[in-house]
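Peer 1: Got my_file-v2.cif for you, mmCIF, C-alpha atoms and all ligand atoms:
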```
data_model
loop_
_atom_site.group_PDB
_atom_site.id
_atom_site.type_symbol
_atom_site.label_atom_id
_atom_site.label_comp_id
_atom_site.auth_asym_id
_atom_site.auth_seq_id
_atom_site.Cartn_x
_atom_site.Cartn_y
_atom_site.Cartn_z
ATOM 1 C CA MET Z 1 -30.952 16.231 2.319
ATOM 2 C CA ALA Z 2 -27.175 16.220 2.373
ATOM 3 C CA LEU Z 3 -25.400 13.735 0.102
ATOM 4 C CA LEU Z 4 -22.957 12.792 2.822
ATOM 5 C CA GLU Z 5 -23.260 13.122 6.577
ATOM 6 C CA ILE Z 6 -20.369 12.160 8.776
ATOM 7 C CA ASN Z 7 -22.089 12.195 12.141
ATOM 8 C CA GLY Z 8 -19.879 12.457 15.200
ATOM 9 C CA ILE Z 9 -17.604 9.573 14.345
ATOM 10 C CA ASP Z 10 -14.676 8.242 16.330
ATOM 11 C CA ILE Z 11 -12.130 6.160 14.437
ATOM 12 C CA ALA Z 12 -9.721 3.820 16.189
ATOM 13 C CA TYR Z 13 -6.723 1.834 15.024
ATOM 14 C CA GLY Z 14 -6.824 -1.097 17.405
ATOM 15 C CA LYS Z 15 -7.450 0.416 20.838
ATOM 16 C CA GLN Z 16 -6.007 3.796 19.936
ATOM 17 C CA VAL Z 17 -8.748 6.329 19.163
ATOM 18 C CA THR Z 18 -7.192 8.420 16.401
ATOM 19 C CA VAL Z 19 -10.086 10.586 15.252
ATOM 20 C CA LYS Z 20 -12.613 11.936 17.726
ATOM 21 C CA ASP Z 21 -16.104 13.263 17.226
ATOM 22 C CA CYS Z 22 -15.801 14.215 13.572
ATOM 23 C CA THR Z 23 -18.849 15.766 11.921
ATOM 24 C CA ILE Z 24 -18.864 16.935 8.310
ATOM 25 C CA THR Z 25 -21.834 17.306 5.978
ATOM 26 C CA LEU Z 26 -21.610 17.696 2.253
ATOM 27 C CA ASP Z 27 -24.353 18.663 -0.179
ATOM 28 C CA GLN Z 28 -24.584 17.604 -3.763
ATOM 29 C CA ALA Z 29 -22.104 19.578 -5.910
ATOM 30 C CA GLU Z 30 -20.410 20.963 -2.845
ATOM 31 C CA ILE Z 31 -16.644 20.934 -2.331
ATOM 32 C CA CYS Z 32 -15.118 20.590 1.105
ATOM 33 C CA SER Z 33 -11.405 21.046 1.701
ATOM 34 C CA ILE Z 34 -9.759 19.401 4.687
ATOM 35 C CA VAL Z 35 -6.529 20.960 5.885
ATOM 36 C CA GLY Z 36 -4.367 20.394 8.935
ATOM 37 C CA GLU Z 37 -0.947 19.256 10.002
ATOM 38 C CA SER Z 38 0.574 15.904 9.165
ATOM 39 C CA GLY Z 39 -0.861 13.133 11.316
ATOM 40 C CA SER Z 40 -4.003 15.070 12.233
ATOM 41 C CA GLY Z 41 -6.264 12.371 10.795
ATOM 42 C CA LYS Z 42 -7.270 13.716 7.379
ATOM 43 C CA THR Z 43 -6.560 10.532 5.437
ATOM 44 C CA THR Z 44 -8.148 8.457 8.187
ATOM 45 C CA VAL Z 45 -11.438 10.377 7.888
ATOM 46 C CA ILE Z 46 -11.819 10.071 4.131
ATOM 47 C CA ARG Z 47 -10.716 6.452 4.105
ATOM 48 C CA ALA Z 48 -13.446 5.734 6.652
ATOM 49 C CA VAL Z 49 -16.027 7.159 4.256
ATOM 50 C CA LEU Z 50 -15.019 4.682 1.583
ATOM 51 C CA GLY Z 51 -14.703 1.783 4.040
ATOM 52 C CA LEU Z 52 -11.019 1.509 3.237
ATOM 53 C CA LEU Z 53 -9.371 1.935 6.616
ATOM 54 C CA PRO Z 54 -6.138 -0.019 6.767
ATOM 55 C CA GLY Z 55 -5.805 -3.038 9.062
ATOM 56 C CA GLY Z 56 -7.289 -2.597 12.514
ATOM 57 C CA GLY Z 57 -8.955 0.701 11.627
ATOM 58 C CA LYS Z 58 -12.612 0.966 12.584
ATOM 59 C CA VAL Z 59 -15.349 3.525 13.117
ATOM 60 C CA THR Z 60 -16.223 3.033 16.785
ATOM 61 C CA LYS Z 61 -18.802 5.769 17.307
ATOM 62 C CA GLY Z 62 -21.275 7.760 15.248
ATOM 63 C CA ASP Z 63 -22.451 7.049 11.724
ATOM 64 C CA ILE Z 64 -21.705 7.835 8.105
ATOM 65 C CA ILE Z 65 -24.796 8.410 5.982
ATOM 66 C CA TYR Z 66 -24.478 8.485 2.213
ATOM 67 C CA ASP Z 67 -27.534 9.280 0.164
ATOM 68 C CA GLY Z 68 -29.798 8.460 3.066
ATOM 69 C CA ARG Z 69 -28.302 5.174 4.193
ATOM 70 C CA SER Z 70 -25.671 4.167 6.669
ATOM 71 C CA LEU Z 71 -22.405 3.061 5.122
ATOM 72 C CA LEU Z 72 -21.297 1.290 8.266
ATOM 73 C CA SER Z 73 -23.711 -1.554 7.696
ATOM 74 C CA LEU Z 74 -22.797 -2.317 4.083
ATOM 75 C CA ASN Z 75 -21.520 -5.777 3.234
ATOM 76 C CA ALA Z 76 -18.575 -6.444 0.917
ATOM 77 C CA ARG Z 77 -20.757 -6.752 -2.163
ATOM 78 C CA GLU Z 78 -22.570 -3.485 -1.490
ATOM 79 C CA TRP Z 79 -19.237 -1.744 -0.964
ATOM 80 C CA ARG Z 80 -17.942 -2.987 -4.314
ATOM 81 C CA LYS Z 81 -21.020 -1.640 -5.994
ATOM 82 C CA LEU Z 82 -20.682 1.752 -4.387
ATOM 83 C CA ARG Z 83 -16.967 2.234 -4.997
ATOM 84 C CA GLY Z 84 -15.970 3.530 -8.376
ATOM 85 C CA HIS Z 85 -19.434 4.339 -9.630
ATOM 86 C CA ASP Z 86 -20.948 6.374 -6.805
ATOM 87 C CA VAL Z 87 -17.962 7.138 -4.675
ATOM 88 C CA SER Z 88 -14.425 7.173 -5.854
ATOM 89 C CA MET Z 89 -11.092 7.950 -4.261
ATOM 90 C CA ILE Z 90 -7.839 9.409 -5.456
ATOM 91 C CA PHE Z 91 -5.130 8.210 -3.098
ATOM 92 C CA GLN Z 92 -2.359 10.222 -1.535
ATOM 93 C CA ASP Z 93 0.191 8.134 -3.374
ATOM 94 C CA SER Z 94 -1.505 6.596 -6.400
ATOM 95 C CA GLY Z 95 1.858 5.412 -7.720
ATOM 96 C CA ALA Z 96 2.481 3.126 -4.784
ATOM 97 C CA MET Z 97 -1.061 1.712 -5.001
ATOM 98 C CA MET Z 98 -0.509 0.445 -8.507
ATOM 99 C CA ASN Z 99 0.609 -3.030 -9.331
ATOM 100 C CA GLN Z 100 4.212 -2.381 -10.337
ATOM 101 C CA THR Z 101 4.508 -5.525 -12.448
ATOM 102 C CA ARG Z 102 1.540 -4.761 -14.691
ATOM 103 C CA LEU Z 103 1.233 -2.445 -17.618
ATOM 104 C CA ILE Z 104 -0.773 0.670 -16.781
ATOM 105 C CA GLY Z 105 -3.108 -0.219 -19.648
ATOM 106 C CA LYS Z 106 -3.798 -3.688 -18.246
ATOM 107 C CA SER Z 107 -4.609 -2.286 -14.802
ATOM 108 C CA PHE Z 108 -6.820 0.398 -16.303
ATOM 109 C CA VAL Z 109 -8.679 -2.097 -18.509
ATOM 110 C CA GLU Z 110 -9.274 -4.319 -15.511
ATOM 111 C CA TYR Z 111 -10.555 -1.372 -13.471
ATOM 112 C CA ILE Z 112 -12.953 -0.358 -16.231
ATOM 113 C CA ARG Z 113 -14.175 -3.912 -16.743
ATOM 114 C CA THR Z 114 -15.060 -4.307 -13.072
ATOM 115 C CA HIS Z 115 -17.413 -1.371 -13.561
ATOM 116 C CA GLU Z 116 -19.045 -2.011 -16.896
ATOM 117 C CA LYS Z 117 -19.569 -4.710 -19.469
ATOM 118 C CA ILE Z 118 -17.260 -3.641 -22.247
ATOM 119 C CA SER Z 119 -14.720 -5.365 -24.500
ATOM 120 C CA LYS Z 120 -11.033 -5.174 -23.615
ATOM 121 C CA LYS Z 121 -10.393 -3.191 -26.755
ATOM 122 C CA ASP Z 122 -13.029 -0.576 -25.934
ATOM 123 C CA ALA Z 123 -11.883 -0.438 -22.318
ATOM 124 C CA TRP Z 124 -8.342 0.250 -23.547
ATOM 125 C CA LYS Z 125 -9.635 3.058 -25.754
ATOM 126 C CA LYS Z 126 -11.623 4.519 -22.883
ATOM 127 C CA GLY Z 127 -8.605 4.385 -20.578
ATOM 128 C CA ALA Z 128 -6.364 6.124 -23.098
ATOM 129 C CA GLU Z 129 -9.024 8.781 -23.587
ATOM 130 C CA MET Z 130 -9.174 9.453 -19.831
ATOM 131 C CA LEU Z 131 -5.392 9.805 -19.727
ATOM 132 C CA GLY Z 132 -5.636 12.351 -22.518
ATOM 133 C CA ARG Z 133 -8.194 14.275 -20.514
ATOM 134 C CA MET Z 134 -5.709 14.462 -17.651
ATOM 135 C CA ARG Z 135 -3.365 16.168 -20.131
ATOM 136 C CA LEU Z 136 -0.994 13.239 -20.144
ATOM 137 C CA PRO Z 137 1.064 13.371 -23.329
ATOM 138 C CA ASP Z 138 1.025 10.311 -25.582
ATOM 139 C CA PRO Z 139 -1.627 8.285 -23.702
ATOM 140 C CA ASP Z 140 -0.993 5.177 -25.755
ATOM 141 C CA ARG Z 141 2.642 5.063 -24.740
ATOM 142 C CA ILE Z 142 1.612 5.457 -21.108
ATOM 143 C CA MET Z 143 -0.886 2.613 -21.427
ATOM 144 C CA HIS Z 144 2.038 0.488 -22.622
ATOM 145 C CA SER Z 145 4.268 1.479 -19.692
ATOM 146 C CA TYR Z 146 4.885 -0.012 -16.271
ATOM 147 C CA PRO Z 147 4.294 2.325 -13.309
ATOM 148 C CA PHE Z 148 8.039 2.503 -12.538
ATOM 149 C CA GLN Z 149 8.671 3.836 -16.032
ATOM 150 C CA LEU Z 150 6.651 6.978 -15.306
ATOM 151 C CA SER Z 151 7.446 9.997 -13.177
ATOM 152 C CA GLY Z 152 5.667 10.408 -9.841
ATOM 153 C CA GLY Z 153 3.500 13.170 -11.255
ATOM 154 C CA MET Z 154 2.498 11.058 -14.258
ATOM 155 C CA ARG Z 155 1.569 8.128 -12.019
ATOM 156 C CA GLN Z 156 -0.495 10.480 -9.896
ATOM 157 C CA ARG Z 157 -2.371 11.673 -12.963
ATOM 158 C CA VAL Z 158 -3.038 8.081 -13.997
ATOM 159 C CA GLY Z 159 -4.581 7.546 -10.550
ATOM 160 C CA ILE Z 160 -6.678 10.675 -10.932
ATOM 161 C CA ALA Z 161 -7.825 9.566 -14.394
ATOM 162 C CA MET Z 162 -8.997 6.242 -12.969
ATOM 163 C CA GLY Z 163 -10.788 7.940 -10.089
ATOM 164 C CA MET Z 164 -12.658 10.221 -12.448
ATOM 165 C CA THR Z 165 -13.583 7.666 -15.109
ATOM 166 C CA TYR Z 166 -17.137 7.163 -13.928
ATOM 167 C CA GLU Z 167 -17.947 10.728 -12.987
ATOM 168 C CA PRO Z 168 -18.598 9.704 -9.408
ATOM 169 C CA LYS Z 169 -21.239 11.442 -7.319
ATOM 170 C CA LEU Z 170 -18.711 11.787 -4.554
ATOM 171 C CA LEU Z 171 -14.991 12.125 -5.112
ATOM 172 C CA LEU Z 172 -12.580 11.785 -2.210
ATOM 173 C CA ALA Z 173 -9.174 13.144 -3.112
ATOM 174 C CA ASP Z 174 -6.223 12.762 -0.766
ATOM 175 C CA GLU Z 175 -3.458 15.216 -1.630
ATOM 176 C CA PRO Z 176 -4.118 14.625 -5.321
ATOM 177 C CA THR Z 177 -1.809 17.331 -6.557
ATOM 178 C CA SER Z 178 1.018 17.511 -4.064
ATOM 179 C CA ALA Z 179 3.433 15.552 -6.268
ATOM 180 C CA LEU Z 180 2.799 17.795 -9.250
ATOM 181 C CA ASP Z 181 4.369 20.947 -10.604
ATOM 182 C CA VAL Z 182 2.226 24.082 -10.318
ATOM 183 C CA THR Z 183 1.090 24.079 -13.958
ATOM 184 C CA THR Z 184 -0.085 20.478 -13.836
ATOM 185 C CA GLN Z 185 -1.537 21.085 -10.395
ATOM 186 C CA ALA Z 186 -3.602 23.964 -11.746
ATOM 187 C CA GLN Z 187 -4.895 21.768 -14.596
ATOM 188 C CA ILE Z 188 -5.924 18.972 -12.256
ATOM 189 C CA VAL Z 189 -7.627 21.424 -9.913
ATOM 190 C CA ARG Z 190 -9.543 22.866 -12.864
ATOM 191 C CA GLN Z 191 -10.529 19.383 -13.980
ATOM 192 C CA MET Z 192 -11.930 18.537 -10.582
ATOM 193 C CA MET Z 193 -13.881 21.803 -10.556
ATOM 194 C CA GLU Z 194 -15.237 20.935 -14.020
ATOM 195 C CA LEU Z 195 -16.391 17.576 -12.733
ATOM 196 C CA ARG Z 196 -18.370 19.417 -10.091
ATOM 197 C CA ASP Z 197 -19.731 22.033 -12.486
ATOM 198 C CA GLU Z 198 -20.710 19.582 -15.249
ATOM 199 C CA TYR Z 199 -21.831 16.539 -13.300
ATOM 200 C CA GLY Z 200 -22.637 17.934 -9.874
ATOM 201 C CA THR Z 201 -19.946 15.818 -8.257
ATOM 202 C CA SER Z 202 -19.390 16.489 -4.560
ATOM 203 C CA ILE Z 203 -15.751 16.531 -3.580
ATOM 204 C CA ILE Z 204 -13.769 16.235 -0.391
ATOM 205 C CA ILE Z 205 -10.202 17.268 -1.021
ATOM 206 C CA VAL Z 206 -7.456 16.803 1.522
ATOM 207 C CA THR Z 207 -4.551 19.131 0.936
ATOM 208 C CA HIS Z 208 -1.634 20.799 2.672
ATOM 209 C CA ASP Z 209 -1.938 23.663 0.265
ATOM 210 C CA ILE Z 210 -4.127 26.412 1.727
ATOM 211 C CA GLY Z 211 -4.158 28.037 -1.705
ATOM 212 C CA VAL Z 212 -5.748 24.967 -3.307
ATOM 213 C CA ALA Z 213 -8.013 24.437 -0.295
ATOM 214 C CA SER Z 214 -9.431 27.912 -0.469
ATOM 215 C CA TYR Z 215 -9.651 28.030 -4.255
ATOM 216 C CA MET Z 216 -11.642 24.806 -4.423
ATOM 217 C CA GLY Z 217 -13.484 24.567 -1.137
ATOM 218 C CA ASP Z 218 -16.971 25.964 -0.647
ATOM 219 C CA LYS Z 219 -16.204 25.053 2.902
ATOM 220 C CA ILE Z 220 -13.032 24.299 4.772
ATOM 221 C CA VAL Z 221 -12.448 21.907 7.651
ATOM 222 C CA VAL Z 222 -9.362 22.428 9.791
ATOM 223 C CA MET Z 223 -8.108 19.345 11.642
ATOM 224 C CA LYS Z 224 -5.652 19.087 14.491
ATOM 225 C CA ASN Z 225 -4.729 16.085 16.639
ATOM 226 C CA GLY Z 226 -7.551 13.926 15.321
ATOM 227 C CA GLN Z 227 -10.226 16.504 15.925
ATOM 228 C CA ILE Z 228 -11.944 19.196 13.947
ATOM 229 C CA GLU Z 229 -10.440 22.392 15.216
ATOM 230 C CA ASP Z 230 -12.494 24.726 13.067
ATOM 231 C CA GLN Z 231 -14.852 24.556 10.085
ATOM 232 C CA GLY Z 232 -17.032 26.840 8.044
ATOM 233 C CA GLY Z 233 -17.625 28.475 4.687
ATOM 234 C CA ARG Z 234 -14.569 29.570 2.736
ATOM 235 C CA LYS Z 235 -15.078 33.241 3.531
ATOM 236 C CA HIS Z 236 -15.596 32.571 7.202
ATOM 237 C CA ILE Z 237 -12.439 30.482 7.548
ATOM 238 C CA LEU Z 238 -10.262 32.774 5.460
ATOM 239 C CA GLU Z 239 -11.452 36.117 6.700
ATOM 240 C CA GLU Z 240 -13.524 35.878 9.829
ATOM 241 C CA SER Z 241 -12.510 32.918 11.940
ATOM 242 C CA SER Z 242 -10.912 33.919 15.207
ATOM 243 C CA ASN Z 243 -9.504 30.434 15.754
ATOM 244 C CA GLU Z 244 -5.847 30.840 16.506
ATOM 245 C CA TYR Z 245 -4.740 27.668 14.730
ATOM 246 C CA THR Z 246 -6.704 28.579 11.603
ATOM 247 C CA ARG Z 247 -5.145 32.031 11.572
ATOM 248 C CA LYS Z 248 -1.708 30.497 11.952
ATOM 249 C CA LEU Z 249 -2.312 28.101 9.019
ATOM 250 C CA ILE Z 250 -3.501 30.889 6.764
ATOM 251 C CA GLY Z 251 -0.676 33.133 7.877
ATOM 252 C CA ALA Z 252 1.796 30.459 6.808
ATOM 253 C CA VAL Z 253 0.790 30.666 3.135
ATOM 254 C CA PRO Z 254 3.841 31.759 1.197
ATOM 255 C CA SER Z 255 3.461 34.881 -0.827
ATOM 256 C CA LEU Z 256 4.634 34.840 -4.404
ATOM 257 C CA GLY Z 257 6.122 38.036 -5.695
ATOM 258 C CA GLY Z 258 4.247 39.910 -2.996
ATOM 259 C CA LYS Z 259 0.955 38.385 -4.195
ATOM 260 C CA ARG Z 260 -0.796 35.980 -1.871
ATOM 261 C CA TYR Z 261 -2.691 32.954 -3.139
ATOM 262 C CA VAL Z 262 -5.562 33.596 -0.759
HETATM 263 N N1 LIG Z 301 -2.757 1.782 9.626
HETATM 264 C C1 LIG Z 301 -2.564 2.504 10.735
HETATM 265 N N2 LIG Z 301 -2.401 1.894 11.931
HETATM 266 C C2 LIG Z 301 -2.223 2.596 13.065
HETATM 267 N N3 LIG Z 301 -2.213 3.939 13.106
HETATM 268 C C3 LIG Z 301 -2.379 4.611 11.960
HETATM 269 C C4 LIG Z 301 -2.564 3.939 10.708
HETATM 270 N N4 LIG Z 301 -2.694 4.861 9.747
HETATM 271 C C5 LIG Z 301 -2.593 6.056 10.358
HETATM 272 N N5 LIG Z 301 -2.412 5.911 11.681
HETATM 273 C C6 LIG Z 301 -2.269 6.997 12.672
HETATM 274 O O1 LIG Z 301 -3.389 7.847 12.615
HETATM 275 C C7 LIG Z 301 -3.019 9.203 12.766
HETATM 276 C C8 LIG Z 301 -3.578 10.010 11.608
HETATM 277 O O2 LIG Z 301 -2.990 9.586 10.406
HETATM 278 P P1 LIG Z 301 -3.484 10.103 8.995
HETATM 279 O O3 LIG Z 301 -2.776 9.325 7.957
HETATM 280 O O4 LIG Z 301 -4.955 10.098 8.970
HETATM 281 O O5 LIG Z 301 -2.948 11.612 9.038
HETATM 282 P P2 LIG Z 301 -2.974 12.733 7.898
HETATM 283 O O6 LIG Z 301 -3.651 13.922 8.496
HETATM 284 O O7 LIG Z 301 -3.540 12.184 6.643
HETATM 285 O O8 LIG Z 301 -1.407 13.056 7.732
HETATM 286 P P3 LIG Z 301 -0.578 13.457 6.389
HETATM 287 O O9 LIG Z 301 -0.864 14.916 6.165
HETATM 288 O O10 LIG Z 301 0.843 13.236 6.794
HETATM 289 O O11 LIG Z 301 -1.014 12.589 5.279
HETATM 290 C C9 LIG Z 301 -1.492 9.219 12.870
HETATM 291 O O12 LIG Z 301 -1.139 9.334 14.211
HETATM 292 C C10 LIG Z 301 -1.082 7.871 12.344
HETATM 293 O O13 LIG Z 301 0.080 7.426 12.981
HETATM 294 MG MG MG Z 302 -2.742 11.799 4.780
#
```
So, in terms of C-alpha cells, how does the structure I just supplied come out?

Peer 2:
Amino acid sequence: MALLEINGIDIAYGKQVTVKDCTITLDQAEICSIVGESGSGKTTVIRAVLGLLPGGGKVTKGDIIYDGRSLLSLNAREWRKLRGHDVSMIFQDSGAMMNQTRLIGKSFVEYIRTHEKISKKDAWKKGAEMLGRMRLPDPDRIMHSYPFQLSGGMRQRVGIAMGMTYEPKLLLADEPTSALDVTTQAQIVRQMMELRDEYGTSIIIVTHDIGVASYMGDKIVVMKNGQIEDQGGRKHILEESSNEYTRKLIGAVPSLGGKRYV
C-alpha cells in the first residue's frame, strides 16, 4: 500500500479551480520531485496534503489518503497530531513564516515542546543540535538571534532543521534550497537523502531546479497550468518522455563548464 495517495483532486481558491485532477502516489522511502513553471500549482498541491491551504483554499474533488485514511475528514486535533511527527513541511520561505519578534531559540523550544514532553533546557539543547546538523555555524549564537539578524539562507536552514526534527514519515519540501548557495544547497540535499536512507522518510520536493529534481527524485511530476502535464520515473522523464513541455524544461538546464547537471 502506498504511504500517500493523492487521488484525482481539484483544489479551488474560492470559486476559482486552481488545480485540476491531480493524482500522485508515493511509497514509503520514495522521493517525488515536482517541477513546473511559477504559478502552476506546486505549492498549492503540497499545502493541500498538509491541510494548510491559505484562506479560501479547499479540496473540492477527489481524496487524499495517508497511511490508509482520508486526510480530508480529519478534525483540527487530528491534524495537530499528524503535523510535525508524521508529516512535516519545509516552507518556500521559512524566514517569513517565523515570528520576527522572537528569538529563534524560543520559537524552536516552543515547536519541540508541542511535540514532546521535555524540559525547556533539553528542548533548547535539542534545537541547537539540529541546527548543528544543518551545518549552521555556532548554533548557540543562532538560537540567541532574532530571524532578522540572520541571512535568508540561514533562516531557511533553521526552517529545514525544524521540519526534520522528528524524522517525519513524510516530508513536504517547498523550494527548500532555492535561497541557498550551491555548496549549502548540496549539503541540504544530501541531508534530505540521508533522512530517506536512514529513516525511510518519503519526500515530496518542489523545486525549480531540474538538477536537484532529477538528483533526488525517484519519480518526477511536471506541472503546468494547475495540471499534471507529465509524470514518471526519473529515467523516463529525463530520457524517454516525448512530452514537449518536459523536453523544453530539461533542455533549459544550464550547462556548467560544458557539463550538464542531468
Ligand atoms: N491564497 C491564494 N488565494 C488565491 N489564489 C491563490 C492563493 N495562493 C495561490 N493562488 C493561485 O494559485 C495558483 C498556483 O499557485 P502556487 O503558489 O501553487 O504556484 P507554484 O507552482 O507554487 O508557483 P511558484 O513556483 O511561483 O512558487 C496561482 O495562480 C496563484 O495565483
Ligand atoms: Mg510555490

Peer 1: Please check which protein, DNA or RNA residues sit within 10 Å of ligand MG 302 (chain Z), counting only C-alpha atoms and all ligand atoms, and write them as an MDAnalysis selection string.

Peer 2: chainID Z and resid 35:47 91:93 174:175 206:208

Peer 1: Could those selected residues go to a file with C-alpha atoms, as a PDB file, keeping the file's coordinate frame?

Peer 2:
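Result file is out-v6.pdb:
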```pdb
ATOM      1  CA  VAL Z  35      -6.529  20.960   5.885  1.00  0.00           C
ATOM      2  CA  GLY Z  36      -4.367  20.394   8.935  1.00  0.00           C
ATOM      3  CA  GLU Z  37      -0.947  19.256  10.002  1.00  0.00           C
ATOM      4  CA  SER Z  38       0.574  15.904   9.165  1.00  0.00           C
ATOM      5  CA  GLY Z  39      -0.861  13.133  11.316  1.00  0.00           C
ATOM      6  CA  SER Z  40      -4.003  15.070  12.233  1.00  0.00           C
ATOM      7  CA  GLY Z  41      -6.264  12.371  10.795  1.00  0.00           C
ATOM      8  CA  LYS Z  42      -7.270  13.716   7.379  1.00  0.00           C
ATOM      9  CA  THR Z  43      -6.560  10.532   5.437  1.00  0.00           C
ATOM     10  CA  THR Z  44      -8.148   8.457   8.187  1.00  0.00           C
ATOM     11  CA  VAL Z  45     -11.438  10.377   7.888  1.00  0.00           C
ATOM     12  CA  ILE Z  46     -11.819  10.071   4.131  1.00  0.00           C
ATOM     13  CA  ARG Z  47     -10.716   6.452   4.105  1.00  0.00           C
ATOM     14  CA  PHE Z  91      -5.130   8.210  -3.098  1.00  0.00           C
ATOM     15  CA  GLN Z  92      -2.359  10.222  -1.535  1.00  0.00           C
ATOM     16  CA  ASP Z  93       0.191   8.134  -3.374  1.00  0.00           C
ATOM     17  CA  ASP Z 174      -6.223  12.762  -0.766  1.00  0.00           C
ATOM     18  CA  GLU Z 175      -3.458  15.216  -1.630  1.00  0.00           C
ATOM     19  CA  VAL Z 206      -7.456  16.803   1.522  1.00  0.00           C
ATOM     20  CA  THR Z 207      -4.551  19.131   0.936  1.00  0.00           C
ATOM     21  CA  HIS Z 208      -1.634  20.799   2.672  1.00  0.00           C
TER      22      HIS Z 208
END
```

Peer 1: Using Å and a single decimal, report how far CA of Ser107 (chain Z) sits from CA of Ala128 (chain Z).

Peer 2: 11.9 Å

Peer 1: Where does the PyMOL selection byres (((chain Z and resi 220-225) around 7) and not hetatm) land in this file, that is, which residues does it pick, as a list in words?

Peer 2: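 Selection result, ordered by chain and number: Cys32, Ser33, Ile34, Val35, Gly36, Glu37, Ser40, Gly217, Asp218, Lys219, Gly226, Gln227, Ile228, Glu229, Asp230, Gln231, Gly232, Gly233, Arg234, Ile237 and Thr246 of chain Z.
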
Peer 1: Write out as a list in words the residues lying within 12 Å of Met154 (chain Z), counting all atoms listed in the file and excluding same-chain residues fewer than 6 positions away.

Peer 2: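 The contact residues come out as Asp93, Ser94, Gly95, Ile104, Leu131, Gly132, Met134, Arg135, Leu136, Pro137, Asp138, Pro139, Ile142, Met143, Ser145, Tyr146, Pro147, Phe148, Ile160, Ala161, Pro176, Thr177, Ala179, Leu180, Asp181, Thr184, Gln185 and Ile188 of chain Z.
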
Peer 1: Can you work out which one of Z:Ala12, Z:Leu71, Z:Ile64, Z:Met164 has the shortest atom-to-atom distance to Ile24 (chain Z), counting only C-alpha atoms?

Peer 2: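 With only C-alpha atoms as the atom set, the closest residue is Z:Ile64.
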
Peer 1: Given the file shown, determine the residues that the PyMOL selection byres (((chain Z and resi 84) around 9) and not hetatm) selects; report them as a PyMOL selection string.

Peer 2: chain Z and resi 80-83+85-89+111+115+162-168

Peer 1: As an exercise, work out the distance from CA of Tyr66 (chain Z) to CA of Asp27 (chain Z) in Å and give it to one decimal place.

Peer 2: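 Answer for the CA of Tyr66 (chain Z) to CA of Asp27 (chain Z) separation: 10.5 Å.
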
Peer 1: Which residues, written as a ChimeraX atom specification, have at least one atom at most 7 Å from Gly57 (chain Z), with all atoms listed in the file counted and residues fewer than 4 positions away on the same chain left out?

Peer 2: /Z:11-14,53

Peer 1: Just need region 106-117 of chain Z in a file, please: N, CA, C and O atoms, as a PDB file, in the first residue's frame.

Peer 2:
```pdb
ATOM      1  N   LYS Z 106      13.684  30.506  21.189  1.00  0.00           N
ATOM      2  CA  LYS Z 106      12.367  30.445  21.846  1.00  0.00           C
ATOM      3  C   LYS Z 106      11.347  29.765  20.944  1.00  0.00           C
ATOM      4  O   LYS Z 106      10.564  28.925  21.392  1.00  0.00           O
ATOM      5  N   SER Z 107      11.367  30.138  19.649  1.00  0.00           N
ATOM      6  CA  SER Z 107      10.433  29.519  18.700  1.00  0.00           C
ATOM      7  C   SER Z 107      10.702  28.025  18.579  1.00  0.00           C
ATOM      8  O   SER Z 107       9.778  27.208  18.546  1.00  0.00           O
ATOM      9  N   PHE Z 108      11.986  27.686  18.522  1.00  0.00           N
ATOM     10  CA  PHE Z 108      12.357  26.277  18.349  1.00  0.00           C
ATOM     11  C   PHE Z 108      11.935  25.460  19.570  1.00  0.00           C
ATOM     12  O   PHE Z 108      11.364  24.368  19.453  1.00  0.00           O
ATOM     13  N   VAL Z 109      12.196  26.025  20.758  1.00  0.00           N
ATOM     14  CA  VAL Z 109      11.817  25.337  22.006  1.00  0.00           C
ATOM     15  C   VAL Z 109      10.304  25.109  22.040  1.00  0.00           C
ATOM     16  O   VAL Z 109       9.823  24.020  22.371  1.00  0.00           O
ATOM     17  N   GLU Z 110       9.572  26.127  21.632  1.00  0.00           N
ATOM     18  CA  GLU Z 110       8.115  26.000  21.640  1.00  0.00           C
ATOM     19  C   GLU Z 110       7.658  24.905  20.673  1.00  0.00           C
ATOM     20  O   GLU Z 110       6.796  24.092  20.990  1.00  0.00           O
ATOM     21  N   TYR Z 111       8.294  24.895  19.488  1.00  0.00           N
ATOM     22  CA  TYR Z 111       7.958  23.882  18.482  1.00  0.00           C
ATOM     23  C   TYR Z 111       8.212  22.484  19.051  1.00  0.00           C
ATOM     24  O   TYR Z 111       7.360  21.595  18.954  1.00  0.00           O
ATOM     25  N   ILE Z 112       9.371  22.308  19.654  1.00  0.00           N
ATOM     26  CA  ILE Z 112       9.729  20.995  20.194  1.00  0.00           C
ATOM     27  C   ILE Z 112       8.763  20.590  21.305  1.00  0.00           C
ATOM     28  O   ILE Z 112       8.295  19.449  21.368  1.00  0.00           O
ATOM     29  N   ARG Z 113       8.413  21.572  22.149  1.00  0.00           N
ATOM     30  CA  ARG Z 113       7.552  21.239  23.290  1.00  0.00           C
ATOM     31  C   ARG Z 113       6.087  21.010  22.911  1.00  0.00           C
ATOM     32  O   ARG Z 113       5.323  20.469  23.722  1.00  0.00           O
ATOM     33  N   THR Z 114       5.698  21.391  21.682  1.00  0.00           N
ATOM     34  CA  THR Z 114       4.355  20.986  21.257  1.00  0.00           C
ATOM     35  C   THR Z 114       4.368  19.528  20.798  1.00  0.00           C
ATOM     36  O   THR Z 114       3.327  18.919  20.621  1.00  0.00           O
ATOM     37  N   HIS Z 115       5.565  18.983  20.589  1.00  0.00           N
ATOM     38  CA  HIS Z 115       5.649  17.622  20.071  1.00  0.00           C
ATOM     39  C   HIS Z 115       6.095  16.584  21.078  1.00  0.00           C
ATOM     40  O   HIS Z 115       5.897  15.402  20.903  1.00  0.00           O
ATOM     41  N   GLU Z 116       6.745  17.017  22.135  1.00  0.00           N
ATOM     42  CA  GLU Z 116       7.113  16.030  23.157  1.00  0.00           C
ATOM     43  C   GLU Z 116       7.216  16.687  24.530  1.00  0.00           C
ATOM     44  O   GLU Z 116       7.436  17.889  24.649  1.00  0.00           O
ATOM     45  N   LYS Z 117       7.044  15.860  25.533  1.00  0.00           N
ATOM     46  CA  LYS Z 117       7.179  16.348  26.908  1.00  0.00           C
ATOM     47  C   LYS Z 117       8.659  16.394  27.245  1.00  0.00           C
ATOM     48  O   LYS Z 117       9.308  15.358  27.399  1.00  0.00           O
TER      49      LYS Z 117
END
```
